[in-house]
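Enquirer: For reference, the structure I am asking about is given below.
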4 protein chains.
Amino acid sequence: MIGRKRIGPARDADLTRKKILAAAKVEFAMKGLGGARVDAIAARSKANKRMIYHYFGSKEQLFTTVLEEAYSDIRMAERDLELDTLPPETALKTLVRFTWDYYLDNPEFLTLVNSENLHKGRHLKNSATIQAVSRPFVAMVKGILARGVASGVFRPDIDPVQLNITIAAIGYYYLTNRFTGAIIFDRDFMDPKMLAERLNFNLDTILRLVAASPARSRGIR
Amino acid sequence: MIGRKRIGPARDADLTRKKILAAAKVEFAMKGLGGARVDAIAARSKANKRMIYHYFGSKEQLFTTVLEEAYSDIRMAERDLELDTLPPETALKTLVRFTWDYYLDNPEFLTLVNSENLHKGRHLKNSATIQAVSRPFVAMVKGILARGVASGVFRPDIDPVQLNITIAAIGYYYLTNRFTGAIIFDRDFMDPKMLAERLNFNLDTILRLVAASPARSRGIR
Amino acid sequence: MIGRKRIGPARDADLTRKKILAAAKVEFAMKGLGGARVDAIAARSKANKRMIYHYFGSKEQLFTTVLEEAYSDIRMAERDLELDTLPPETALKTLVRFTWDYYLDNPEFLTLVNSENLHKGRHLKNSATIQAVSRPFVAMVKGILARGVASGVFRPDIDPVQLNITIAAIGYYYLTNRFTGAIIFDRDFMDPKMLAERLNFNLDTILRLVAASPARSRGIR
Amino acid sequence: MIGRKRIGPARDADLTRKKILAAAKVEFAMKGLGGARVDAIAARSKANKRMIYHYFGSKEQLFTTVLEEAYSDIRMAERDLELDTLPPETALKTLVRFTWDYYLDNPEFLTLVNSENLHKGRHLKNSATIQAVSRPFVAMVKGILARGVASGVFRPDIDPVQLNITIAAIGYYYLTNRFTGAIIFDRDFMDPKMLAERLNFNLDTILRLVAASPARSRGIR
DNA sequence: TATGAATGAGTGTTCATTCAT
DNA sequence: AATGAATGAACACTCATTCAT
């Protein structure tokens with residue numbers, strides 16, 4: 001109450017916007033786009049439901065904004081890793097580890113992406129934001145690979161897009177499908193020991209995949 | 001009413017059930033559990049809406065049944081591969097390829113599993129069916145690995161569960177997230193050429209992962 | 001309960017439809033399209049709100065149906081006058097009187113038409129019903145005029161459309177604008193005496209308009 | 001802040017009021033009282049929404065003010081015709097023509113009046129303004145009639161109120177109901193030729209109505 | 001076995017109006 | 001005088017489910 005004049009908490013437009021966005025992220029992550037309730041978002045954000053429409057126009061536009069922010073966040077965090085400055089192998093390991101940790105710490109991201117894909121990418125298809133934040137990221141991984149090939153530690157002819165997908169896949173799938181996984185494999189996928197094993201397994205998978213080993217992988221088809 | 005009882009009608013009941021189940025699978029796959037509409041399922045199956053409740057009790061129970069059937073189907077198809085009878089490396093490659101093809105041919109399976117995980121596995125948690133069909137499958141992969149280790153083509157100390165998850169992950173993730181993928185990577189994920197590349201990439205990934213070092217992965221195909 | 005089998009009142013689809021339609025006519029007439037409440041229509045018809053959507057699709061489609069019915073009703077009543085069988089002057093007087101009485105007895109018709117015109121005729125623009133019921137009516141008035149001209153009681157060169165509009169106008173305007181009229185002219189527009197005067201005034205207006213009097217109305221411009 | 005106080009702002013208040021009133025007239029005319037949106041009025045007037053409440057108290061009071069202004073405007077315009085100074089027949093023709101032109105040029109007036117009548121004249125019932133501006137107008141028409149009767153060109157026993165209503169009716173109805181009219185009669189009611197025909201038809205109607213019989217309505221123009 | 005009719009509790013969205021500055 | 005932020009009540013419309021036959 002002392003020090004910051006003029007902005008009564010209940011009247012701070014930007015704060016309200018942020019609270020709605022945060023609440024919406026949680027709701028959409030928990031229930032999906034279709035299952036999320038605008039009422040619940042309003043209640044969770046302690047904002048009036050009318051404000052949601054004032055700031056975001058509709059449930060779908062709110063969802064779009066949440067998605068864009070989620071992608072921006074992860075891409076910014078990746079950029080902050082400054083992988084360009086690391087040796088290729090370290091950079092790659094860092095990326096695998098980061099991806100895993102990020103998914104673990106931000107599980108909403110996974111469900112949001114799932115939801116968007118259930119809807120065939122409709123909300124992001126024409127999002128300038130997504131395209132803007134994606135390009136540098138794709139370029140960065142490409143750069144790591146190129147440097148690794150140049151220094152002889154990575155084998156050539158690895159498609160950076162496919163590599164990227166695989167790095168995401170092996171973390172993502174394990175975590176989003178941990179519930180059916182638990183049933184099928186009769187294990188607790190969130191047990192710290194199993195989580196640690198998974199990270200190691202993933203690091204192993206990626207390193208063996210890119211390694212410029214004696215493996216004469218010519219003839220692959 | 002007199003004379004030709006029980007000959008046609010008895011089969012119709014079963015047919016109705018099957019039509020509902022087929023329609024429900026499509027609807028749930030397209031819209032998720034929350035987004036699917038009982039009316040739409042009734043319309044698509046050309047059955048009366050009341051029949052859905054007659055045969056399945058509720059929308060959620062119908063969803064459970066659809067899921068159980070979906071899992072049974074893929075597990076049966078895997079069993080039919082008779083991987084036990086193949087050399088370990090061939091068996092593994094066959095499994096990777098089969099998994100990929102099955103996902104491609106039965107995309108509903110992916111969305112159904114996604115939906116169930118959004119709901120924290122609630123519908124399958126106590127399903128005897130799932131557990132019954134899963135056990136032999138897990139055992140089979142374990143067997144392949146063991147045989148491969150014994151014959152020296154696979155390295156030891158590979159967790160069959162982790163391997164299994166990875167085989168699924170690298171196909172599953174690519175396909176379910178193909179819409180956001182298309183946006184981020186600016187590629188058509190369903191382009192036949194890219195699909196073929198992905199399968200090869202996945203085969204490569206798995207074989208390098210399990211190969212007894214130094215991996216002599218000649219002859220991958 | 002005795003005599004009419006099989007149709008429990010609460011389960012008669014056609015009856016429900018009719019009750020909704022009747023209630024909607026009242027509501028729309030009283031409040032206009034925008035002011036009418038679907039809830040109020042449901043309550044008034046003692047039908048479930050859901051049924052309104054089941055039978056009519058939307059508030060606007062319900063409004064369209066109400067309008068079509070209202071127009072069909074008046075056109076049918078006009079047809080039943082069998083004006084073709086009457087001498088032209090009698091036919092015309094009968095029409096003026098009928099129009100006036102119909103407006104008085106069915107005040108909803110006036111407000112419904114007003115509402116539709118506020119919405120620029122959007123709901124009827126492509127209504128086959130309206131066009132089907134209108135054509136015979138327009139033709140009938142044209143026929144009366146023609147017969148009157150032929151027999152020398154009506155002057156020629158009267159546009160039947162303009163005549164029609166005027167017949168409607170002089171009754172319609174008085175009745176729909178009776179509230180502002182009462183304020184401006186400080187009279188009770190619904191007082192029986194004033195109503196009777198108005199009808200006579202209107203009959204006079206129309207008869208003088210069409211009369212083939214010595215009036216040599218050449219040169220009108 | 002220092003130096004040029006109070007010069008602009010004092011006039012702005014009045015300007016804001018006027019802008020709101022103008023915007024409200026358009027909105028209410030287009031959508032009716034129920035359909036008009038306070039937000040839309042604020043946007044259209046480029047005034048803050050709060051100002052509407054500051055100056056007018058409520059949406060309904062704003063509507064009342066708009067109506068009062070609309071009536072004042074037409075009554076003032078009629079007064080400016082100075083019909084008392086014209087020969088009775090000319091005065092009457094001038095009035096018919098003026099009424100028609102005014103309705104054509106100020107279509108909002110028609111819809112506003114319609115709206116008010118849908119609401120049973122509730123907003124004007126106790127309006128001193130309306131009564132004040134109406135009295136002279138009614139008296140004026142009465143005067144024209146009296147002069148015409150005295151000079152022998154009009155027949156006696158014509159109720160000036162009924163005449164007044166009819167003059168308004170034949171223009172008003174044609175214009176407000178032009179949309180349903182277009183559908184029923186399959187004509188373009190706003191086509192210049194049809195508009196001209198209608199005006200002539202109306203002049204003819206009124207002149208024949210008041211003419212001292214045998215109506216020598218030569219020279220109608 | 002099968003069906004069309006009916007319903008209550010929600011669902012996203014809108015609106016006139018007031019608050020705080 | 002003027003404004004952007006906020007709200008509660010209501011609105012059109014939907015949905016899974018049950019009733020009556």
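By convention here, the chains of the structure tokens are called A, B, ... in the order presented, each chain's residues are numbered starting at 1, and ligands are numbered starting at 1 in the order presented.
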Name all residues at most 9 Å from F:DT3 (count only C-alpha atoms (C1' of nucleotides); drop same-chain ones fewer than 3 positions away) and give them as an NGL selection string.

Expert: (:D and (48-50)) or (:E and (21))

Enquirer: Print the selection's residues with C-alpha atoms (C1' of nucleotides) to a file, as a PDB file, in the first residue's frame.

Expert:
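Here's the written file again38.pdb:
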```pdb
ATOM      1  CA  ASN D  48     -17.288   7.688 -23.164  1.00  0.00           C
ATOM      2  CA  LYS D  49     -20.050   5.364 -22.120  1.00  0.00           C
ATOM      3  CA  ARG D  50     -20.079   6.905 -18.706  1.00  0.00           C
TER       4      ARG D  50
ATOM      5  C1'  DT E  21      -9.537   7.767 -10.601  1.00  0.00           C
TER       6       DT E  21
END
```

Enquirer: Chain C vs chain D: Cα RMSD after least-squares superposition over all Cα in order?

Expert: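 So the superposition leaves a C-alpha RMSD of 4.2 Å.
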
Enquirer: Counting only C-alpha atoms (C1' of nucleotides), which residues of chain E fall within 9 Å of chain B, and what is the closest atom pair for each with its distance in Å at one decimal, ordered by chain and rising number, as CSV?

Expert:
```
residue,atom,partner,partner_atom,distance
E:DT1,C1',B:Ala13,CA,7.5
E:DA2,C1',B:Asn48,CA,7.5
E:DT3,C1',B:Asn48,CA,6.6
```

Enquirer: Near F:DT17, within 12 Å and counting only C-alpha atoms (C1' of nucleotides), which residues show up once chain neighbours fewer than 5 positions away are dropped, as a PyMOL selection string?

Expert: (chain B and resi 38-39+49-50+52-54+57-59) or (chain E and resi 6-9)

Enquirer: Those residues you just picked out, can you put them in a file as a PDB file, in the first residue's frame with N, CA and C atoms (P, O5', C5', C4', C3', O3' and C1' of nucleotides)?

Expert:
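Output file part-v7.pdb is given in full below:
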```
ATOM      1  N   VAL B  38     -23.350 -37.363 -27.635  1.00  0.00           N
ATOM      2  CA  VAL B  38     -24.132 -38.592 -27.669  1.00  0.00           C
ATOM      3  C   VAL B  38     -25.073 -38.580 -28.879  1.00  0.00           C
ATOM      4  N   ASP B  39     -25.634 -37.423 -29.147  1.00  0.00           N
ATOM      5  CA  ASP B  39     -26.507 -37.292 -30.314  1.00  0.00           C
ATOM      6  C   ASP B  39     -25.753 -37.641 -31.591  1.00  0.00           C
ATOM      7  N   LYS B  49     -30.841 -43.098 -29.915  1.00  0.00           N
ATOM      8  CA  LYS B  49     -30.010 -42.640 -28.809  1.00  0.00           C
ATOM      9  C   LYS B  49     -30.248 -43.476 -27.559  1.00  0.00           C
ATOM     10  N   ARG B  50     -31.495 -43.856 -27.390  1.00  0.00           N
ATOM     11  CA  ARG B  50     -31.830 -44.647 -26.211  1.00  0.00           C
ATOM     12  C   ARG B  50     -31.046 -45.955 -26.159  1.00  0.00           C
ATOM     13  N   ILE B  52     -28.011 -46.474 -26.923  1.00  0.00           N
ATOM     14  CA  ILE B  52     -26.689 -46.258 -26.342  1.00  0.00           C
ATOM     15  C   ILE B  52     -26.754 -46.485 -24.842  1.00  0.00           C
ATOM     16  N   TYR B  53     -27.806 -45.956 -24.245  1.00  0.00           N
ATOM     17  CA  TYR B  53     -27.937 -46.108 -22.798  1.00  0.00           C
ATOM     18  C   TYR B  53     -28.329 -47.536 -22.444  1.00  0.00           C
ATOM     19  N   HIS B  54     -29.087 -48.140 -23.327  1.00  0.00           N
ATOM     20  CA  HIS B  54     -29.471 -49.526 -23.096  1.00  0.00           C
ATOM     21  C   HIS B  54     -28.245 -50.438 -23.079  1.00  0.00           C
ATOM     22  N   GLY B  57     -25.009 -47.924 -20.828  1.00  0.00           N
ATOM     23  CA  GLY B  57     -25.250 -47.298 -19.532  1.00  0.00           C
ATOM     24  C   GLY B  57     -25.035 -45.805 -19.493  1.00  0.00           C
ATOM     25  N   SER B  58     -23.896 -45.351 -19.998  1.00  0.00           N
ATOM     26  CA  SER B  58     -23.625 -43.917 -19.985  1.00  0.00           C
ATOM     27  C   SER B  58     -22.552 -43.607 -21.024  1.00  0.00           C
ATOM     28  N   LYS B  59     -22.405 -42.328 -21.266  1.00  0.00           N
ATOM     29  CA  LYS B  59     -21.388 -41.891 -22.211  1.00  0.00           C
ATOM     30  C   LYS B  59     -19.996 -42.355 -21.756  1.00  0.00           C
TER      31      LYS B  59
ATOM     32  P    DA E   6     -43.202 -33.752 -26.572  1.00  0.00           P
ATOM     33  O5'  DA E   6     -42.199 -33.798 -25.348  1.00  0.00           O
ATOM     34  C5'  DA E   6     -42.618 -34.471 -24.159  1.00  0.00           C
ATOM     35  C4'  DA E   6     -41.505 -34.444 -23.163  1.00  0.00           C
ATOM     36  C3'  DA E   6     -41.060 -33.053 -22.705  1.00  0.00           C
ATOM     37  O3'  DA E   6     -41.385 -32.914 -21.338  1.00  0.00           O
ATOM     38  C1'  DA E   6     -39.203 -34.481 -23.122  1.00  0.00           C
ATOM     39  P    DT E   7     -41.337 -31.526 -20.686  1.00  0.00           P
ATOM     40  O5'  DT E   7     -39.926 -31.552 -19.936  1.00  0.00           O
ATOM     41  C5'  DT E   7     -39.693 -32.573 -18.981  1.00  0.00           C
ATOM     42  C4'  DT E   7     -38.248 -32.527 -18.521  1.00  0.00           C
ATOM     43  C3'  DT E   7     -37.748 -31.124 -18.136  1.00  0.00           C
ATOM     44  O3'  DT E   7     -37.323 -31.170 -16.796  1.00  0.00           O
ATOM     45  C1'  DT E   7     -36.161 -32.257 -19.453  1.00  0.00           C
ATOM     46  P    DG E   8     -37.700 -30.144 -15.755  1.00  0.00           P
ATOM     47  O5'  DG E   8     -36.321 -30.038 -14.959  1.00  0.00           O
ATOM     48  C5'  DG E   8     -35.684 -31.227 -14.497  1.00  0.00           C
ATOM     49  C4'  DG E   8     -34.189 -30.992 -14.331  1.00  0.00           C
ATOM     50  C3'  DG E   8     -33.828 -29.654 -13.702  1.00  0.00           C
ATOM     51  O3'  DG E   8     -32.603 -29.851 -12.997  1.00  0.00           O
ATOM     52  C1'  DG E   8     -32.947 -29.726 -15.868  1.00  0.00           C
ATOM     53  P    DA E   9     -32.176 -28.901 -11.907  1.00  0.00           P
ATOM     54  O5'  DA E   9     -30.598 -29.086 -11.948  1.00  0.00           O
ATOM     55  C5'  DA E   9     -30.015 -30.211 -12.614  1.00  0.00           C
ATOM     56  C4'  DA E   9     -28.879 -29.748 -13.505  1.00  0.00           C
ATOM     57  C3'  DA E   9     -28.163 -28.497 -13.009  1.00  0.00           C
ATOM     58  O3'  DA E   9     -26.762 -28.729 -13.082  1.00  0.00           O
ATOM     59  C1'  DA E   9     -28.764 -28.220 -15.256  1.00  0.00           C
TER      60       DA E   9
END
```

Enquirer: Pick out the closest residue to chain B from this set: A:Phe56, A:Tyr103, A:Phe28, A:Phe63. Count only C-alpha atoms.

Expert: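 Of A:Phe56, A:Tyr103, A:Phe28, A:Phe63, the one nearest chain B, counting only C-alpha atoms, is A:Phe28.
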
Enquirer: How far is it from atom CA of D:Glu108 to atom CA of D:Tyr71, in Å with one decimal?

Expert: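 Computed distance, atom CA of D:Glu108 to atom CA of D:Tyr71, equals 11.2 Å.
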
Enquirer: What residues in chain F lie within 12 Å of chain A, counting only C-alpha atoms (C1' of nucleotides), written as a VMD selection string?

Expert: chain F and resid 4 to 9

Enquirer: Please write the residues from the selection above to a file, keeping N, CA and C atoms (P, O5', C5', C4', C3', O3' and C1' of nucleotides), as a PDB file, in the first residue's frame.

Expert:
```
ATOM      1  P    DG F   4     -10.805   5.714 -22.194  1.00  0.00           P
ATOM      2  O5'  DG F   4     -10.290   4.435 -21.411  1.00  0.00           O
ATOM      3  C5'  DG F   4      -9.118   4.543 -20.611  1.00  0.00           C
ATOM      4  C4'  DG F   4      -9.212   3.543 -19.475  1.00  0.00           C
ATOM      5  C3'  DG F   4      -9.499   2.109 -19.931  1.00  0.00           C
ATOM      6  O3'  DG F   4      -8.651   1.261 -19.176  1.00  0.00           O
ATOM      7  C1'  DG F   4     -11.125   2.800 -18.364  1.00  0.00           C
ATOM      8  P    DA F   5      -8.856  -0.274 -19.150  1.00  0.00           P
ATOM      9  O5'  DA F   5      -9.670  -0.455 -17.800  1.00  0.00           O
ATOM     10  C5'  DA F   5      -9.046  -0.061 -16.586  1.00  0.00           C
ATOM     11  C4'  DA F   5      -9.803  -0.649 -15.407  1.00  0.00           C
ATOM     12  C3'  DA F   5     -10.048  -2.154 -15.509  1.00  0.00           C
ATOM     13  O3'  DA F   5      -9.807  -2.731 -14.237  1.00  0.00           O
ATOM     14  C1'  DA F   5     -12.119  -1.009 -15.320  1.00  0.00           C
ATOM     15  P    DA F   6     -10.029  -4.261 -14.088  1.00  0.00           P
ATOM     16  O5'  DA F   6     -11.539  -4.343 -13.626  1.00  0.00           O
ATOM     17  C5'  DA F   6     -11.892  -3.805 -12.347  1.00  0.00           C
ATOM     18  C4'  DA F   6     -13.383  -3.944 -12.148  1.00  0.00           C
ATOM     19  C3'  DA F   6     -13.911  -5.374 -12.212  1.00  0.00           C
ATOM     20  O3'  DA F   6     -14.375  -5.723 -10.921  1.00  0.00           O
ATOM     21  C1'  DA F   6     -15.318  -3.839 -13.375  1.00  0.00           C
ATOM     22  P    DT F   7     -14.741  -7.213 -10.621  1.00  0.00           P
ATOM     23  O5'  DT F   7     -16.321  -7.228 -10.782  1.00  0.00           O
ATOM     24  C5'  DT F   7     -17.090  -6.300 -10.017  1.00  0.00           C
ATOM     25  C4'  DT F   7     -18.533  -6.344 -10.452  1.00  0.00           C
ATOM     26  C3'  DT F   7     -19.118  -7.756 -10.583  1.00  0.00           C
ATOM     27  O3'  DT F   7     -20.175  -7.875  -9.660  1.00  0.00           O
ATOM     28  C1'  DT F   7     -19.765  -6.374 -12.393  1.00  0.00           C
ATOM     29  P    DG F   8     -20.403  -9.077  -8.806  1.00  0.00           P
ATOM     30  O5'  DG F   8     -21.959  -9.283  -9.058  1.00  0.00           O
ATOM     31  C5'  DG F   8     -22.851  -8.188  -8.852  1.00  0.00           C
ATOM     32  C4'  DG F   8     -24.125  -8.402  -9.646  1.00  0.00           C
ATOM     33  C3'  DG F   8     -24.684  -9.817  -9.559  1.00  0.00           C
ATOM     34  O3'  DG F   8     -26.094  -9.717  -9.709  1.00  0.00           O
ATOM     35  C1'  DG F   8     -24.181  -9.343 -11.785  1.00  0.00           C
ATOM     36  P    DA F   9     -27.032 -10.825  -9.229  1.00  0.00           P
ATOM     37  O5'  DA F   9     -28.399 -10.414  -9.956  1.00  0.00           O
ATOM     38  C5'  DA F   9     -28.454  -9.182 -10.681  1.00  0.00           C
ATOM     39  C4'  DA F   9     -28.873  -9.439 -12.123  1.00  0.00           C
ATOM     40  C3'  DA F   9     -29.729 -10.703 -12.313  1.00  0.00           C
ATOM     41  O3'  DA F   9     -30.892 -10.327 -13.029  1.00  0.00           O
ATOM     42  C1'  DA F   9     -27.963 -10.641 -13.895  1.00  0.00           C
TER      43       DA F   9
END
```

Enquirer: Pull out every residue of chain A that has at least one atom within 8 Å of chain B, counting only C-alpha atoms, and report them as a ChimeraX atom specification.

Expert: /A:30-32,34-35,111,113-114,116-121,124-125,130-131,134-135,138,161-162,165-166,169-170,172-174,176-180,183-185,198,201,204-206,208-209,213-221

Enquirer: Expressed in Å to a single decimal, how great is the separation between atom C1' of F:DA20 and atom CA of C:Lys46?

Expert: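 Pair atom C1' of F:DA20 / atom CA of C:Lys46 returns 18.5 Å.
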
Enquirer: List the spatial neighbours of B:Leu21 as number ranges by chain - criterion: any atom at most 10 Å away, only C-alpha atoms (C1' of nucleotides), same-chain residues fewer than 3 positions off excluded.

Expert: B: 15-18, 24-27, 41, 45, 52, 55-56, 62-63, 65-66, 69

Enquirer: Keeping only N, CA and C atoms, write those residues as a compact mmCIF listing (two decimals), in the first residue's frame.

Expert:
```
# COMPACT_ATOMS: atom_id res chain seq x y z
N LEU B 15 -25.58 -56.41 -33.74
CA LEU B 15 -25.20 -55.50 -34.81
C LEU B 15 -25.33 -54.05 -34.33
N THR B 16 -26.43 -53.75 -33.69
CA THR B 16 -26.64 -52.41 -33.15
C THR B 16 -25.50 -52.02 -32.22
N ARG B 17 -25.18 -52.93 -31.32
CA ARG B 17 -24.07 -52.69 -30.39
C ARG B 17 -22.79 -52.35 -31.14
N LYS B 18 -22.52 -53.11 -32.17
CA LYS B 18 -21.28 -52.90 -32.92
C LYS B 18 -21.29 -51.58 -33.67
N ALA B 24 -19.00 -44.51 -32.04
CA ALA B 24 -18.45 -43.86 -30.86
C ALA B 24 -16.94 -43.69 -30.98
N LYS B 25 -16.29 -44.73 -31.51
CA LYS B 25 -14.84 -44.65 -31.67
C LYS B 25 -14.48 -43.44 -32.55
N VAL B 26 -15.17 -43.29 -33.64
CA VAL B 26 -14.90 -42.18 -34.54
C VAL B 26 -15.14 -40.84 -33.83
N GLU B 27 -16.28 -40.75 -33.19
CA GLU B 27 -16.63 -39.48 -32.53
C GLU B 27 -15.66 -39.12 -31.41
N ILE B 41 -23.16 -39.52 -31.93
CA ILE B 41 -22.88 -40.95 -31.98
C ILE B 41 -24.13 -41.71 -32.44
N SER B 45 -24.28 -43.78 -35.91
CA SER B 45 -24.48 -45.23 -35.87
C SER B 45 -25.85 -45.61 -36.42
N ILE B 52 -28.01 -46.47 -26.92
CA ILE B 52 -26.69 -46.26 -26.34
C ILE B 52 -26.75 -46.49 -24.84
N TYR B 55 -27.39 -50.26 -24.05
CA TYR B 55 -26.25 -51.17 -24.16
C TYR B 55 -25.05 -50.77 -23.31
N PHE B 56 -24.87 -49.47 -23.10
CA PHE B 56 -23.63 -49.04 -22.47
C PHE B 56 -23.80 -48.24 -21.18
N LEU B 62 -19.47 -45.98 -22.26
CA LEU B 62 -19.26 -46.23 -23.67
C LEU B 62 -17.81 -45.91 -24.05
N PHE B 63 -17.34 -44.80 -23.51
CA PHE B 63 -15.95 -44.42 -23.77
C PHE B 63 -14.99 -45.50 -23.28
N THR B 65 -15.56 -48.65 -22.91
CA THR B 65 -15.64 -49.82 -23.78
C THR B 65 -14.87 -49.59 -25.09
N VAL B 66 -15.03 -48.39 -25.63
CA VAL B 66 -14.31 -48.05 -26.86
C VAL B 66 -12.80 -48.18 -26.64
N GLU B 69 -11.65 -51.79 -26.30
CA GLU B 69 -11.62 -52.44 -27.60
C GLU B 69 -10.41 -51.98 -28.42
```

Enquirer: Name the residues of chain B that fall into alpha helix (DSSP H) according to DSSP on the backbone, using the chain letters and numbers of this document, as a ChimeraX atom specification.

Expert: /B:9-35,38-45,49-56,59-79,88-105,107-118,128-150,160-176,178-185,192-210

Enquirer: To one decimal place in Å, what is the distance between atom CA of D:Gln61 and atom CA of D:Phe109?

Expert: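 Value for the atom CA of D:Gln61-atom CA of D:Phe109 distance: 17.2 Å.
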